[in-house]
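Colleague: Sending over a structure as structure tokens; questions will come in a sec.
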Amino acid sequence: MLSNLPKDLAEEVLSRLPVTSLRGVRLTCKKWNRLSTNRSFTMKHIGKAKAAAKNYHRKEFQVVMMIQYRVCLFSVNLFNPSIDCIGKLVSLDDVADRVEISKIFHCDGLLLCITKDSSSLVVWNPCSGQTRWIKPRNSYHKLFDRYALGCERKDKFRSYKVLRFLDDYDSRVKGRLREFEIYDLNSDSWKVVDVNPDWDIEYHQRGVSLMGNTYWFAYEKLPTAVQGQVRVISDIPDFLLCFDFTTETFGPRLRLPFHAFYEDTVTLSSVRDEHLAVLFQQCGGYTVKIWISSKIEPNAVSWNKLFLAVDMKPLTGLGFQFLVIGGSFFVDEKKKVAVVLDKDRGCRGKSRPTRNIAYIIGKKGYFKQVDLGESIDAGCWPLVCSYVPSSVQIKQAAPP
């Protein structure tokens with residue numbers, strides 16, 4: 001029987017399986033379950049996965065997508081355009097597979113997942129299957145909470161942290177509700193952070209983790225109008241903002257290569273965990289523009305020339321703007337293309353979106369659409385993030 005193979009041989013055979021097959025391995029027998037969760041197996045499995053990704057880099061690569069509240073691993077081929085679901089990512093205790101996920105954030109191969117009802121957070125290593133459910137200090141807020149997953153880095157020391165914040169007007173208390181706090185996975189504790197922001201981050205803006213820190217698109221917060229006074233706006237009213245997880249502070253305003261206004265579409269994406277890509281489309285306009293940073297750190301950014309500019313109207317036949325709550329994307333620098341996730345809401349005669357769509361856009365009018373499946377919930381917009389298997393061990397909370 002396969003389950004009776006010697007440990008070394010079983011480890012070699014099982015390490016060649018894709019990450020999405022590990023659930024079946026763990027359910028086969030107790031011996032394989034123990035084998036597939038030990039560190040030596042994880043390291044060998046990750047090494048083979050990274051080697052396979054490198055060998056197939058010119059043909060295809062893998063990304064994580066959240067579609068219809070499920071988190072899955074997808075294989076992307078941009079030569080003969082296809083985006084195929086490889087399978088659901090696995091959890092060590094299978095709990096994360098039974099709940100619906102509405103938001104995902106990526107850092108160093110770990111995923112921070114927010115449940116559909118916004119009542120729970122879980123940090124998850126899909127490769128090892130480890131999970132860490134995080135209890136709130138007081139309570140989570142259903143709609144307005146913003147989150148980020150990042151890492152404190154000092155020499156070889158790594159400490160993973162979750163930032164949670166909100167800064168919004170609450171009609172129930174007739175005032176502004178402001179909370180900033182950090183959860184440290186090492187200490188299993190929340191800490192309140194003193195922040196008095198002169199900026200706003202819209203609730204739909206998703207931060208992007210890069211080298212352990214998280215970046216957002218933000219606006220200058222307009223002061224309350226006072227009769228007889230003129231409101232002064234700075235010379236950088238819209239900007240990038242970084243939260244440094246080592247110093248646990250927000251950095252200065254970082255200039256963008258454009259100016260955006262309310263209802264313009266602005267979304268961020270990481271490029272090889274080294275650079276930041278930003279997508280911009282004016283409200284009422286049809287041209288999508290994407291830039292990639294040449295240098296980025298918490299206190300400074302510089303931009304390369306425009307990476308891509310695509311007029312969507314002649315390609316789709318309709319006035320087409322990726323909505324501000326959508327537009328999750330990634331780029332392929334070598335092929336000079338971008339893949340933007342959205343819905344088929346641009347189709348005439350449809351009262352609501354019915355399909356999730358990946359729009360592949362490039363230079364010289366290159367345009368393809370890939371159907372990602374039925375859109376059952378019109379309020380669930382597909383999300384994408386890069387993914388590389390990681391050996392990072394999630395420290396578990398001490399038993400009560």
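How things are named: the first chain in the structure tokens is A, the next is B, and so on; residues count from 1 in each chain; ligands count from 1 in the order shown.
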List the spatial neighbours of Thr287 in chain A as an mmCIF file with all heavy atoms, in the first residue's frame - criterion: any atom at most 6 Å away, only C-alpha atoms, same-chain residues fewer than 3 positions off excluded.

Modeller:
```cif
data_model
loop_
_atom_site.group_PDB
_atom_site.id
_atom_site.type_symbol
_atom_site.label_atom_id
_atom_site.label_comp_id
_atom_site.auth_asym_id
_atom_site.auth_seq_id
_atom_site.Cartn_x
_atom_site.Cartn_y
_atom_site.Cartn_z
ATOM 1 N N VAL A 310 -4.698 52.121 -22.228
ATOM 2 C CA VAL A 310 -5.617 51.391 -23.097
ATOM 3 C C VAL A 310 -6.985 52.070 -23.078
ATOM 4 O O VAL A 310 -7.579 52.250 -22.009
ATOM 5 C CB VAL A 310 -5.766 49.921 -22.650
ATOM 6 C CG1 VAL A 310 -6.762 49.194 -23.536
ATOM 7 C CG2 VAL A 310 -4.411 49.220 -22.682
ATOM 8 N N ASP A 311 -7.478 52.439 -24.252
ATOM 9 C CA ASP A 311 -8.825 52.992 -24.392
ATOM 10 C C ASP A 311 -9.801 51.823 -24.465
ATOM 11 O O ASP A 311 -9.785 51.040 -25.428
ATOM 12 C CB ASP A 311 -8.908 53.850 -25.649
ATOM 13 C CG ASP A 311 -10.253 54.549 -25.789
ATOM 14 O OD1 ASP A 311 -11.173 54.260 -25.007
ATOM 15 O OD2 ASP A 311 -10.386 55.399 -26.699
ATOM 16 N N MET A 312 -10.669 51.700 -23.466
ATOM 17 C CA MET A 312 -11.569 50.551 -23.382
ATOM 18 C C MET A 312 -12.766 50.663 -24.321
ATOM 19 O O MET A 312 -13.385 49.644 -24.651
ATOM 20 C CB MET A 312 -12.061 50.378 -21.940
ATOM 21 C CG MET A 312 -10.971 50.077 -20.933
ATOM 22 S SD MET A 312 -10.128 48.504 -21.251
ATOM 23 C CE MET A 312 -11.437 47.328 -20.957
#
```

Colleague: Pull the alpha helix (DSSP H) assignments for range 184-333 of chain A out of DSSP run on the backbone, and list those residues as a compact mmCIF listing (two decimals) with N, CA, C and O atoms, in the first residue's frame.

Modeller:
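Result went into part20.txt, see below:
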```txt
# COMPACT_ATOMS: atom_id res chain seq x y z
N LYS A 313 -13.12 51.87 -24.76
CA LYS A 313 -14.35 52.03 -25.53
C LYS A 313 -14.34 51.27 -26.86
O LYS A 313 -15.28 50.51 -27.15
N PRO A 314 -13.30 51.41 -27.69
CA PRO A 314 -13.32 50.65 -28.96
C PRO A 314 -13.18 49.14 -28.75
O PRO A 314 -13.56 48.36 -29.61
N LEU A 315 -12.66 48.73 -27.60
CA LEU A 315 -12.47 47.30 -27.34
C LEU A 315 -13.76 46.64 -26.87
O LEU A 315 -14.04 45.49 -27.20
N THR A 316 -14.53 47.37 -26.08
CA THR A 316 -15.76 46.80 -25.52
C THR A 316 -17.01 47.26 -26.27
O THR A 316 -18.07 46.66 -26.11
```

Colleague: Which residue gives the smallest distance to Lys335 in chain A among A:Ile101, A:Val195, A:Met211, A:Leu78, with only C-alpha atoms counted?

Modeller: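 Among the listed residues, A:Leu78 lies closest to Lys335 in chain A.
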
Colleague: Please compute the CA of Val384 in chain A-CA of Phe157 in chain A distance, one decimal, in Å.

Modeller: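 Interatomic distance here is 28.6 Å.
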
Colleague: If you run DSSP on the backbone, which residues of range 93-203 of chain A are strand (DSSP E or B), as a ChimeraX atom specification?

Modeller: /A:101-107,110-115,121-124,131-134,146-154,157-170,175-184,189-192,199-200

Colleague: So, with only C-alpha atoms as the atoms that count, which of A:Phe74, A:Tyr219, A:Tyr359, A:Trp199 lies closest to Lys343 in chain A?

Modeller: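 Ranking A:Phe74, A:Tyr219, A:Tyr359, A:Trp199 by distance to Lys343 in chain A, first place goes to A:Tyr359.
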
Colleague: Tyr215 in chain A: which residues within 9 Å, counting only C-alpha atoms, same-chain residues fewer than 5 positions away excluded, as number ranges by chain?

Modeller: A: 206-210, 240-243, 268, 276, 298

Colleague: I need the chosen residues saved as a CSV table (one decimal), in the first residue's frame, with C-alpha atoms.

Modeller:
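Produced file again29.csv, reproduced below:
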```
chain,number,residue,atom,x,y,z
A,206,ARG,CA,-7.4,47.6,-0.4
A,207,GLY,CA,-3.9,48.0,0.8
A,208,VAL,CA,-1.0,46.2,-0.9
A,209,SER,CA,1.8,44.6,1.1
A,210,LEU,CA,5.3,45.2,-0.3
A,240,LEU,CA,0.2,57.0,-1.6
A,241,LEU,CA,0.4,56.3,2.1
A,242,CYS,CA,2.6,53.6,3.7
A,243,PHE,CA,2.2,51.9,7.1
A,268,LEU,CA,-2.9,49.0,-6.4
A,276,LEU,CA,4.1,48.8,-6.8
A,298,PRO,CA,8.0,53.9,3.2
```

Colleague: Which residues are close to range 249-260 of chain A, i.e. within 10 Å by only C-alpha atoms, leaving aside same-chain residues fewer than 2 positions away? Reply as a ChimeraX atom specification.

Modeller: /A:193-195,197,199,214-215,217-220,235-247,262-266,278,280-283,289-293,296-306

Colleague: I need the residue nearest Lys336 in chain A from this list: A:Val64, A:Gly212, A:Ala358, A:Tyr366. Use only C-alpha atoms for the distance.

Modeller: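 Checking each of A:Val64, A:Gly212, A:Ala358, A:Tyr366 against Lys336 in chain A, counting only C-alpha atoms, the winner is A:Tyr366.
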
Colleague: Ranking A:Asp344, A:Asp188, A:Glu181, A:Asp200 by minimum distance to Glu248 in chain A and counting only C-alpha atoms, which one comes first?

Modeller: A:Glu181
